[in-house]
Every structure is written in structure tokens, then in C-alpha cells.
$ cat run.cif   # mmCIF, C-alpha atoms
data_data
#
loop_
_atom_site.label_atom_id
_atom_site.label_comp_id
_atom_site.auth_asym_id
_atom_site.auth_seq_id
_atom_site.Cartn_x
_atom_site.Cartn_y
_atom_site.Cartn_z
CA MET D 604 -47.97 29.52 -52.27
CA LEU D 605 -46.24 27.55 -55.04
CA GLY D 606 -48.36 24.43 -55.45
CA MET D 607 -47.93 21.53 -57.84
CA LYS D 608 -49.53 23.14 -60.90
CA LEU D 609 -47.58 26.41 -60.73
CA TYR D 610 -44.37 24.48 -60.04
CA MET D 611 -44.89 22.27 -63.08
CA ALA D 612 -45.89 25.25 -65.24
CA GLN D 613 -42.63 26.96 -64.31
CA ARG D 614 -40.48 23.87 -64.83
CA LEU D 615 -42.11 22.91 -68.15
CA SER D 616 -41.87 26.48 -69.44
CA ALA D 617 -38.15 26.42 -68.52
CA LEU D 618 -37.81 23.15 -70.41
CA ILE D 619 -39.31 24.81 -73.49
CA MET D 620 -37.25 27.98 -73.10
CA ALA D 621 -33.86 26.27 -72.83
CA PRO D 622 -33.53 25.07 -76.46
CA LEU D 623 -35.27 28.22 -77.74
CA VAL D 624 -32.71 30.43 -75.95
CA ILE D 625 -29.87 28.41 -77.47
CA GLY D 626 -31.53 28.71 -80.89
CA HIS D 627 -32.03 32.45 -80.44
CA VAL D 628 -28.41 33.04 -79.39
CA GLY D 629 -27.21 30.90 -82.30
CA VAL D 630 -29.28 32.92 -84.74
CA MET D 631 -27.99 36.19 -83.28
CA ILE D 632 -24.36 35.07 -83.64
CA TYR D 633 -25.06 33.94 -87.20
CA ALA D 634 -26.79 37.21 -88.07
CA VAL D 635 -24.03 39.38 -86.60
CA GLN D 636 -21.14 37.41 -88.05
CA GLY D 637 -22.81 37.08 -91.41
CA GLY D 638 -23.37 40.82 -91.45
CA LEU D 639 -27.09 40.62 -92.10
CA SER D 640 -28.88 43.97 -92.33
CA ALA D 641 -32.24 44.60 -90.65
CA ALA D 642 -33.93 44.33 -94.01
CA GLU D 643 -32.26 40.97 -94.71
CA ILE D 644 -33.33 39.66 -91.30
CA LEU D 645 -36.91 40.82 -91.80
CA GLY D 646 -36.85 39.30 -95.26
CA ARG D 647 -36.25 35.93 -93.66
CA THR D 648 -38.68 36.25 -90.73
CA GLN D 649 -41.67 37.99 -92.31
CA GLY D 650 -44.24 35.50 -93.51
CA SER D 651 -42.33 32.62 -91.98
CA VAL D 652 -44.54 30.18 -90.08
CA ALA D 653 -41.45 28.55 -88.52
CA TRP D 654 -40.10 31.82 -87.04
CA THR D 655 -43.60 32.80 -85.90
CA LEU D 656 -43.94 29.52 -84.03
CA PHE D 657 -40.36 29.71 -82.71
CA TYR D 658 -40.68 33.18 -81.18
CA GLY D 659 -44.40 32.85 -80.42
CA LEU D 660 -43.70 29.78 -78.28
CA PHE D 661 -40.76 31.60 -76.72
CA VAL D 662 -43.01 34.51 -75.67
CA VAL D 663 -45.62 32.19 -74.16
CA ALA D 664 -42.96 30.26 -72.21
CA VAL D 665 -41.26 33.45 -70.97
CA SER D 666 -44.59 34.96 -69.89
CA ILE D 667 -45.51 31.88 -67.84
CA HIS D 668 -42.02 31.40 -66.40
CA GLY D 669 -41.43 35.05 -65.57
CA ALA D 670 -44.85 35.61 -64.01
CA ILE D 671 -44.51 32.64 -61.66
CA GLY D 672 -40.93 33.52 -60.76
CA LEU D 673 -41.84 37.12 -59.93
CA ARG D 674 -44.89 35.85 -58.00
CA VAL D 675 -42.54 33.95 -55.68
CA VAL D 676 -40.25 36.98 -55.28
CA LEU D 677 -43.21 39.25 -54.47
CA PHE D 678 -44.63 36.73 -51.99
CA GLU D 679 -41.37 36.23 -50.14
CA THR D 680 -39.88 39.74 -50.21
CA VAL D 681 -42.78 42.20 -50.51
CA LYS D 682 -45.14 39.87 -48.55
CA LEU D 683 -47.87 40.26 -51.17
CA ARG D 684 -50.65 37.77 -50.42
CA GLY D 685 -54.05 36.43 -51.57
CA GLY D 686 -56.04 38.13 -54.33
CA GLY D 687 -53.45 40.89 -54.73
CA LEU D 688 -50.74 38.33 -55.44
CA ASN D 689 -52.91 36.54 -58.00
CA ALA D 690 -53.84 39.82 -59.66
CA VAL D 691 -50.23 40.97 -59.95
CA THR D 692 -49.22 37.54 -61.32
CA TRP D 693 -51.84 37.84 -64.05
CA VAL D 694 -50.84 41.42 -64.84
CA ILE D 695 -47.20 40.36 -65.25
CA PHE D 696 -48.22 37.39 -67.42
CA LEU D 697 -50.49 39.45 -69.64
CA GLY D 698 -47.98 42.32 -69.84
CA LEU D 699 -45.22 39.99 -71.01
CA MET D 700 -47.60 38.31 -73.45
CA ILE D 701 -48.67 41.65 -74.96
CA LEU D 702 -45.13 43.04 -75.22
CA GLY D 703 -43.74 39.78 -76.62
CA SER D 704 -46.61 39.25 -79.05
CA ARG D 705 -46.17 42.77 -80.42
CA ALA D 706 -42.48 42.05 -81.03
CA VAL D 707 -43.22 38.72 -82.74
CA TRP D 708 -45.94 40.39 -84.82
CA ALA D 709 -43.54 43.14 -85.88
CA VAL D 710 -40.90 40.78 -87.28
CA THR D 711 -43.07 38.01 -88.71
CA VAL D 712 -46.13 39.70 -90.23
CA PRO D 713 -45.33 41.18 -93.67
CA MET U 1428 -16.24 35.03 -20.98
CA ASP U 1429 -18.72 37.70 -22.05
CA VAL U 1430 -22.09 36.03 -22.76
CA SER U 1431 -25.21 37.78 -24.08
CA VAL U 1432 -28.41 35.85 -23.52
CA TRP U 1433 -31.81 36.72 -24.98
CA ARG U 1434 -34.36 37.48 -22.25
CA GLY U 1435 -38.00 38.05 -23.05
CA ASP U 1436 -41.12 36.46 -24.48
CA ALA U 1437 -43.36 36.60 -27.57
CA SER U 1438 -43.99 40.30 -27.03
CA GLY U 1439 -40.31 41.21 -27.18
CA GLY U 1440 -37.16 41.32 -25.12
CA ARG U 1441 -33.47 42.18 -25.07
CA PHE U 1442 -30.06 40.64 -24.60
CA GLN U 1443 -28.71 40.43 -21.05
CA ARG U 1444 -24.97 40.15 -20.45
CA PHE U 1445 -23.34 37.69 -18.04
CA GLU U 1446 -19.73 37.01 -17.08
CA VAL U 1447 -19.26 33.25 -17.18
CA PRO U 1448 -16.04 31.43 -16.18
CA ALA U 1449 -14.41 29.67 -19.15
CA ARG U 1450 -13.68 25.98 -18.61
CA THR U 1451 -12.04 23.20 -20.58
CA SER U 1452 -14.33 21.33 -23.00
CA GLN U 1453 -17.18 23.65 -22.04
CA THR U 1454 -20.31 23.39 -24.18
CA VAL U 1455 -22.77 26.19 -24.91
CA LEU U 1456 -25.36 24.29 -22.87
CA ASP U 1457 -22.87 24.25 -19.96
CA VAL U 1458 -22.73 28.04 -20.21
CA VAL U 1459 -26.53 28.39 -20.18
CA ALA U 1460 -26.78 25.96 -17.25
CA TRP U 1461 -24.08 27.87 -15.34
CA ILE U 1462 -26.00 31.13 -15.75
CA GLN U 1463 -29.26 29.55 -14.62
CA GLN U 1464 -27.64 27.85 -11.61
CA ASN U 1465 -25.27 30.61 -10.51
CA ALA U 1466 -26.38 33.99 -11.88
CA ASP U 1467 -30.11 34.05 -12.62
CA PRO U 1468 -32.39 31.12 -11.73
CA THR U 1469 -35.27 32.68 -13.69
CA LEU U 1470 -33.55 31.97 -17.02
CA SER U 1471 -35.72 29.58 -19.07
CA TYR U 1472 -34.30 27.12 -21.56
CA ARG U 1473 -34.96 23.60 -22.76
CA PHE U 1474 -32.77 20.51 -22.66
CA ALA U 1475 -33.01 16.81 -21.80
CA CYS U 1476 -30.36 14.27 -22.78
CA ARG U 1477 -27.22 16.46 -23.00
CA VAL U 1478 -25.62 13.95 -25.41
CA GLY U 1479 -27.05 14.98 -28.81
CA MET U 1480 -29.89 12.49 -28.99
CA CYS U 1481 -33.08 14.26 -27.92
CA GLY U 1482 -32.87 17.39 -30.07
CA SER U 1483 -34.36 19.70 -27.45
CA CYS U 1484 -31.49 22.10 -26.69
CA ALA U 1485 -31.10 23.79 -30.06
CA MET U 1486 -30.54 27.57 -29.90
CA MET U 1487 -29.05 30.35 -31.98
CA VAL U 1488 -25.37 30.68 -31.06
CA ASN U 1489 -23.63 33.76 -32.45
CA GLY U 1490 -26.40 33.97 -35.04
CA GLN U 1491 -26.29 30.36 -36.17
CA PRO U 1492 -28.56 27.46 -35.12
CA ARG U 1493 -26.70 24.78 -33.16
CA TRP U 1494 -27.31 21.86 -30.79
CA THR U 1495 -25.90 23.48 -27.70
CA CYS U 1496 -25.09 20.27 -25.81
CA ARG U 1497 -22.60 19.19 -28.48
CA THR U 1498 -21.26 22.60 -29.42
CA HIS U 1499 -17.99 23.45 -27.72
CA VAL U 1500 -17.65 27.08 -26.74
CA ASP U 1501 -14.10 27.41 -28.02
CA ARG U 1502 -15.25 26.48 -31.53
CA VAL U 1503 -17.92 29.17 -31.80
CA THR U 1504 -16.79 32.15 -29.73
CA SER U 1505 -15.57 35.21 -31.51
CA ASP U 1506 -13.26 37.52 -29.51
CA GLY U 1507 -14.27 35.70 -26.33
CA ARG U 1508 -17.90 36.66 -26.83
CA LEU U 1509 -20.93 34.45 -27.05
CA GLU U 1510 -24.46 35.44 -28.04
CA ILE U 1511 -27.21 32.95 -27.30
CA ALA U 1512 -30.79 33.37 -28.53
CA PRO U 1513 -33.90 31.23 -29.07
CA LEU U 1514 -34.29 29.37 -32.36
CA ARG U 1515 -35.06 31.51 -35.40
CA ASN U 1516 -38.37 31.16 -37.29
CA LEU U 1517 -40.29 30.17 -34.14
CA ALA U 1518 -42.13 32.29 -31.60
CA VAL U 1519 -40.50 32.66 -28.19
CA ILE U 1520 -42.25 31.26 -25.13
CA LYS U 1521 -39.73 32.66 -22.67
CA ASP U 1522 -36.03 33.49 -22.90
CA LEU U 1523 -34.33 30.64 -24.80
CA ALA U 1524 -37.37 28.36 -25.05
CA ALA U 1525 -38.98 28.58 -28.50
CA ASP U 1526 -42.54 27.46 -29.21
CA MET U 1527 -42.11 24.18 -31.11
CA ASP U 1528 -45.83 23.69 -31.86
CA PRO U 1529 -45.77 25.11 -35.43
CA PHE U 1530 -42.73 22.97 -36.22
CA PHE U 1531 -44.44 19.72 -35.18
CA GLU U 1532 -47.84 20.74 -36.57
CA LYS U 1533 -46.17 20.99 -39.98
CA TRP U 1534 -44.91 17.41 -39.62
CA VAL U 1535 -48.55 16.33 -39.34
CA THR U 1536 -49.60 18.60 -42.23
CA ALA U 1537 -46.91 16.96 -44.38
CA GLU U 1538 -48.43 13.54 -43.52
CA ALA U 1539 -45.05 12.75 -41.97
CA VAL U 1540 -46.69 10.13 -39.80
CA PHE U 1541 -46.51 6.37 -40.18
CA HIS U 1542 -49.30 4.72 -42.20
CA PRO U 1543 -49.24 1.01 -41.32
CA ALA U 1544 -49.52 -1.37 -44.24
CA ARG U 1545 -50.21 -4.45 -42.15
CA SER U 1546 -52.06 -5.31 -38.97
CA ARG U 1547 -50.45 -6.74 -35.84
CA ASP U 1548 -51.66 -10.19 -36.89
CA GLU U 1549 -49.64 -10.19 -40.08
CA ALA U 1550 -45.95 -10.81 -40.52
CA VAL U 1551 -43.68 -7.77 -40.47
CA GLU U 1552 -42.82 -6.38 -43.90
CA ARG U 1553 -39.37 -7.46 -45.04
CA VAL U 1554 -36.88 -4.63 -45.37
CA ASN U 1555 -34.05 -5.14 -47.83
CA PRO U 1556 -31.11 -2.93 -46.79
CA ASP U 1557 -29.67 -3.10 -50.33
CA ASP U 1558 -32.81 -1.71 -51.94
CA PRO U 1559 -32.11 1.81 -53.38
CA ALA U 1560 -35.35 3.16 -51.86
CA ARG U 1561 -34.34 1.82 -48.45
CA GLN U 1562 -30.96 3.46 -48.80
CA GLN U 1563 -32.74 6.78 -49.33
CA VAL U 1564 -34.63 6.14 -46.09
CA ASP U 1565 -31.48 5.21 -44.21
CA ALA U 1566 -29.75 8.39 -45.36
CA ALA U 1567 -32.55 10.55 -43.96
CA ILE U 1568 -33.90 8.63 -40.98
CA GLU U 1569 -31.63 9.86 -38.19
CA CYS U 1570 -33.47 13.14 -37.66
CA ILE U 1571 -33.70 14.09 -33.96
CA ASN U 1572 -36.38 16.79 -34.48
CA CYS U 1573 -34.12 19.55 -33.18
CA ALA U 1574 -35.53 22.17 -35.63
CA ILE U 1575 -32.06 23.46 -36.45
CA CYS U 1576 -32.80 23.05 -40.19
CA TYR U 1577 -36.10 24.87 -39.69
CA ALA U 1578 -34.32 27.76 -37.97
CA ALA U 1579 -31.62 27.86 -40.67
CA CYS U 1580 -34.08 27.89 -43.59
CA ASP U 1581 -34.55 31.26 -45.30
CA THR U 1582 -37.60 29.95 -47.16
CA VAL U 1583 -39.31 29.25 -43.82
CA ALA U 1584 -38.40 32.81 -42.78
CA ALA U 1585 -39.97 34.26 -45.93
CA ASN U 1586 -42.93 31.90 -46.29
CA PRO U 1587 -44.79 31.05 -43.08
CA ASP U 1588 -46.81 28.33 -44.84
CA TYR U 1589 -43.74 26.40 -45.94
CA LEU U 1590 -43.60 23.00 -44.25
CA GLY U 1591 -39.86 23.18 -43.75
CA PRO U 1592 -36.92 20.81 -44.22
CA ALA U 1593 -37.51 18.47 -41.27
CA ALA U 1594 -41.15 17.64 -42.04
CA LEU U 1595 -40.36 17.13 -45.74
CA ASN U 1596 -37.29 15.04 -44.91
CA ARG U 1597 -39.50 12.78 -42.78
CA ALA U 1598 -42.10 12.63 -45.57
CA TRP U 1599 -39.37 11.46 -47.96
CA THR U 1600 -38.44 8.58 -45.65
CA LEU U 1601 -42.07 7.45 -45.66
CA VAL U 1602 -42.40 7.70 -49.45
CA ASN U 1603 -39.47 5.26 -49.70
CA ASP U 1604 -40.48 2.98 -46.82
CA THR U 1605 -41.92 -0.40 -47.86
CA LYS U 1606 -43.66 -0.59 -44.47
CA ASP U 1607 -45.62 2.60 -45.10
CA ALA U 1608 -48.92 2.49 -47.00
CA GLY U 1609 -49.45 6.24 -47.24
CA ARG U 1610 -47.34 7.15 -50.28
CA THR U 1611 -50.24 8.79 -52.12
CA ALA U 1612 -51.36 10.72 -49.04
CA VAL U 1613 -47.81 11.91 -48.38
CA LEU U 1614 -47.26 13.04 -51.98
CA ASP U 1615 -50.62 14.87 -51.87
CA ALA U 1616 -49.68 16.57 -48.61
CA VAL U 1617 -46.28 17.77 -49.82
CA SER U 1618 -47.79 19.11 -53.07
CA GLY U 1619 -49.90 21.74 -51.34
CA ALA U 1620 -49.40 25.50 -51.21
CA GLY U 1621 -46.65 25.25 -48.56
CA GLY U 1622 -45.17 22.03 -49.88
CA CYS U 1623 -41.83 20.85 -51.19
CA HIS U 1624 -42.07 22.93 -54.38
CA ASN U 1625 -41.40 26.11 -52.42
CA CYS U 1626 -37.84 25.01 -51.57
CA HIS U 1627 -35.18 27.12 -53.32
CA SER U 1628 -32.44 24.55 -52.69
CA MET U 1629 -30.33 27.05 -50.77
CA GLY U 1630 -28.94 24.22 -48.65
CA SER U 1631 -28.86 25.82 -45.19
CA CYS U 1632 -30.66 22.75 -43.84
CA ALA U 1633 -27.87 20.44 -45.00
CA GLN U 1634 -25.23 22.93 -43.90
CA PHE U 1635 -26.46 23.14 -40.30
CA CYS U 1636 -27.99 19.70 -39.63
CA PRO U 1637 -26.04 18.43 -36.61
CA ASN U 1638 -26.53 14.83 -37.75
CA GLU U 1639 -25.20 15.68 -41.19
CA LEU U 1640 -28.45 14.76 -42.93
CA ASN U 1641 -29.34 16.38 -46.24
CA PRO U 1642 -33.00 17.48 -46.19
CA MET U 1643 -32.40 19.42 -49.42
CA ASN U 1644 -31.70 16.12 -51.14
CA ALA U 1645 -34.86 14.63 -49.62
CA ILE U 1646 -36.91 17.60 -50.85
CA ALA U 1647 -35.41 17.22 -54.32
CA GLY U 1648 -36.54 13.58 -54.20
CA LEU U 1649 -40.07 14.68 -53.29
CA LYS U 1650 -40.06 17.17 -56.17
CA ARG U 1651 -39.04 14.40 -58.58
CA ALA U 1652 -41.62 11.95 -57.21
CA THR U 1653 -44.47 14.47 -57.36
CA ALA U 1654 -43.47 15.68 -60.83
CA ARG U 1655 -43.33 12.09 -62.10
CA ARG U 1656 -46.78 11.46 -60.67
CA PHE U 1657 -48.12 14.72 -62.17
CA LEU U 1658 -46.90 13.61 -65.60
CA GLY U 1659 -48.57 10.24 -65.14
CA GLY U 1660 -45.43 8.24 -64.45
#
$ encode --input "run.cif" --output "C-alpha cells"
Amino acid sequence: MLGMKLYMAQRLSALIMAPLVIGHVGVMIYAVQGGLSAAEILGRTQGSVAWTLFYGLFVVAVSIHGAIGLRVVLFETVKLRGGGLNAVTWVIFLGLMILGSRAVWAVTVP
Amino acid sequence: MDVSVWRGDASGGRFQRFEVPARTSQTVLDVVAWIQQNADPTLSYRFACRVGMCGSCAMMVNGQPRWTCRTHVDRVTSDGRLEIAPLRNLAVIKDLAADMDPFFEKWVTAEAVFHPARSRDEAVERVNPDDPARQQVDAAIECINCAICYAACDTVAANPDYLGPAALNRAWTLVNDTKDAGRTAVLDAVSGAGGCHNCHSMGSCAQFCPNELNPMNAIAGLKRATARRFLGG
């Protein structure tokens, strides 16, 4: 069910997510403690290639990691198998990608 | 002593209660043997050596997998009651005898078979006991094929394709064995859909192994070896 490629995709996406999560939490603490308003935050993120790459990569990694993780849960607990399992995995991946991309778009595109 | 024993076959069954006299240093296998010899000769179960070497007498005892020949009754009874059932995660042939075929078929699927590196005409490969790879083999080699780890594993319960701790533990010994020439074949075999990457590292295999092996550690080793190979290392 979880072969080599899916296993590596999940592990490598976790490897990417780990520093991004730390960066994200650090930024949140900084923003809250510094008392930045929404407008001030957007002023820093909109038009920024760095923040677009930071959160864009985060969304891709989360979508891959989450879809594979939920695939395992569905296989083992709901007993979903075969084409249905693959289809649901893709739906979860694409759903997370769409939701995440919309969020990244909203804060980075002026 | 109040003993409940599973009676039935692959189509189903039920627990049957027996009153068994308690004795000093009595093992669970002694209890099963007493029932078969004194109460119901139709009771089916499997055993051979009775000294913890052959691995054939494993059963579920009060819900946990154990080697019954080395399990003393007074260590596992609760309120003077004992419940004995066939091994979990395997189909029942009859009563306490589980069908071991899927368990051993998965050993073969995992390429957990010896791949000779030399012919009989060549000198035997030298084995250095201080070599770190050999020490990995030594730590995992004393498996008696009892299937207790297989019965304890929740991943096996949830994923019928999963090769299981024993087969993967054996595969790990071969990956580290200088006498074995099948490293690539073994790593291919354990990278399949039911391979080592399905293990959630819950550790029931290590918890229940009667020989105190750690298949979870062996599986982690396989994960590292296959990942290194995947990344070209």
C-alpha cells in the first residue's frame, strides 16, 4: 500500500515542512509581539518573491504529506482499496493544493 | 482454575470452559495438554519441543500472544481465569491451531531466504564478529518463527498485504550478512506495496518477542537502507 516512492515523498515533504513550520511559528510570534496590523503584514508579504516561495513550498509539502498520511489512515481504518483509494488520495492532494494556493495568492499578490 | 479455550474453525466458533487443576510451575501449554488428555481429546493445538526452541506453541493467552510452553500460568492469570485462543492475524484451522501458511509465504515474498555467494567448492566466507553489520545480524538472528510478533502487530491486522515483523527481521539479517549475495533482491522485495515502509513503529513486535529481539529496529534499518539506495547512496 505504501511503497518506496510514496514513503520517500512523505518523508522528504516532512523534511521540507520542518524548517518551514519553525519559520512560520517564528514569524507569527514576531508579528504578534511586534503588534503588526493586518495591513502591515500584507505590506511585507504582497509582492514578495521570498514569502511567495516560502509559503508556496509549504503548501506543496503539506499537500503531499497530508494526502499520503490520510491515504494510510483510510486504507487501514476505512479499508478503502484500489482505484477508490488512489482517487481519494488525489482529491485530498488537489483540495489542499487549491485551498493553500488561494491563501498564498491572497497574501502575496498585490 | 477456570479456563476458557477457543473451539472452532475458519468459519467461526466459541469459547468452551474447563475446570483445570492448578499445579506448581504449571505452564499454559501444560493446561492445554491437560484438557486434551483428561477432558476433551478432540481439542486441537500445536506444539513440539516444549522448551522454547521450536516456536510452534504460540497462542493468545488472556488476549496477548505468548509462547505457551514457557509461560507460567501464575504470571498471566487474572482472578484465577485463563483465556486461550489461536494466534491473532491468522486464520484458524481448528481450535488453537492457526494456519501458518500466510506467515511463511510472506517470508518468501520478503526474499527472506538465503542467497549463496559462493559454491561448495569455494572457501567459506569469513565472518568477523566485530563487524558492525554482523552485530546487527547477531542481534536479530535468534528468531524461532513463532509468529508472536505477527500476532501482536496492529499494522498486520489493518493491512493484510504487510509482510510483518518476522519476515522483515529475517530480511534485515540477510542484508547485513556477508555470506548472502541477495542484498539487492531483498531490498527490492521489502520496498513493495506491503513492505517495510508500512511499519508505524508501534513496537508491539519488540514488546512481545519471547526471545527479546527487536524487529522494529530491524525494520527501521531496512527503511534507512532502502531510503539511502533510493537517494543514490
$ interface_residues --input "run.cif" --of "chain D" --to "chain U" --cutoff "12 Å" --atoms "all atoms listed in the file" --output "PyMOL selection string"
chain D and resi 604-615+671-672+674-685
$ atom_distance --input "run.cif" --atom1 "CA of Ser1438 (chain U)" --atom2 "CA of Asn1516 (chain U)"
14.8 Å
$ resolve_selection --input "run.cif" --expression "the PyMOL selection byres ((chain U and resi 1462-1468) around 12)" --output "list in words"
Met1428, Asp1429, Val1430, Ser1431, Val1432, Arg1434, Gln1443, Arg1444, Phe1445, Glu1446, Val1447, Pro1448, Val1455, Leu1456, Asp1457, Val1458, Val1459, Ala1460, Trp1461, Thr1469, Leu1470, Ser1471, Tyr1472, Arg1473, Ile1511, Asp1522 and Leu1523 of chain U
$ residues_around --input "run.cif" --residues "Ile695 (chain D)" --least-positions-apart "6" --cutoff "8 Å" --atoms "all atoms listed in the file" --output "number ranges by chain"
D: 666, 669-670
$ atom_distance --input "run.cif" --atom1 "CA of Ser1628 (chain U)" --atom2 "CA of Ala617 (chain D)"
16.9 Å
$ atom_distance --input "run.cif" --atom1 "CA of Arg1553 (chain U)" --atom2 "CA of Glu1639 (chain U)"
27.4 Å
$ resolve_selection --input "run.cif" --expression "the PyMOL selection byres ((chain D and resi 696) around 10)" --output "compact mmCIF listing (two decimals) with C-alpha atoms, keeping the file's coordinate frame"
# COMPACT_ATOMS: atom_id res chain seq x y z
CA VAL D 663 -45.62 32.19 -74.16
CA VAL D 665 -41.26 33.45 -70.97
CA SER D 666 -44.59 34.96 -69.89
CA ILE D 667 -45.51 31.88 -67.84
CA HIS D 668 -42.02 31.40 -66.40
CA GLY D 669 -41.43 35.05 -65.57
CA ALA D 670 -44.85 35.61 -64.01
CA ILE D 671 -44.51 32.64 -61.66
CA LEU D 673 -41.84 37.12 -59.93
CA ALA D 690 -53.84 39.82 -59.66
CA VAL D 691 -50.23 40.97 -59.95
CA THR D 692 -49.22 37.54 -61.32
CA TRP D 693 -51.84 37.84 -64.05
CA VAL D 694 -50.84 41.42 -64.84
CA ILE D 695 -47.20 40.36 -65.25
CA LEU D 697 -50.49 39.45 -69.64
CA GLY D 698 -47.98 42.32 -69.84
CA LEU D 699 -45.22 39.99 -71.01
CA MET D 700 -47.60 38.31 -73.45
CA ILE D 701 -48.67 41.65 -74.96
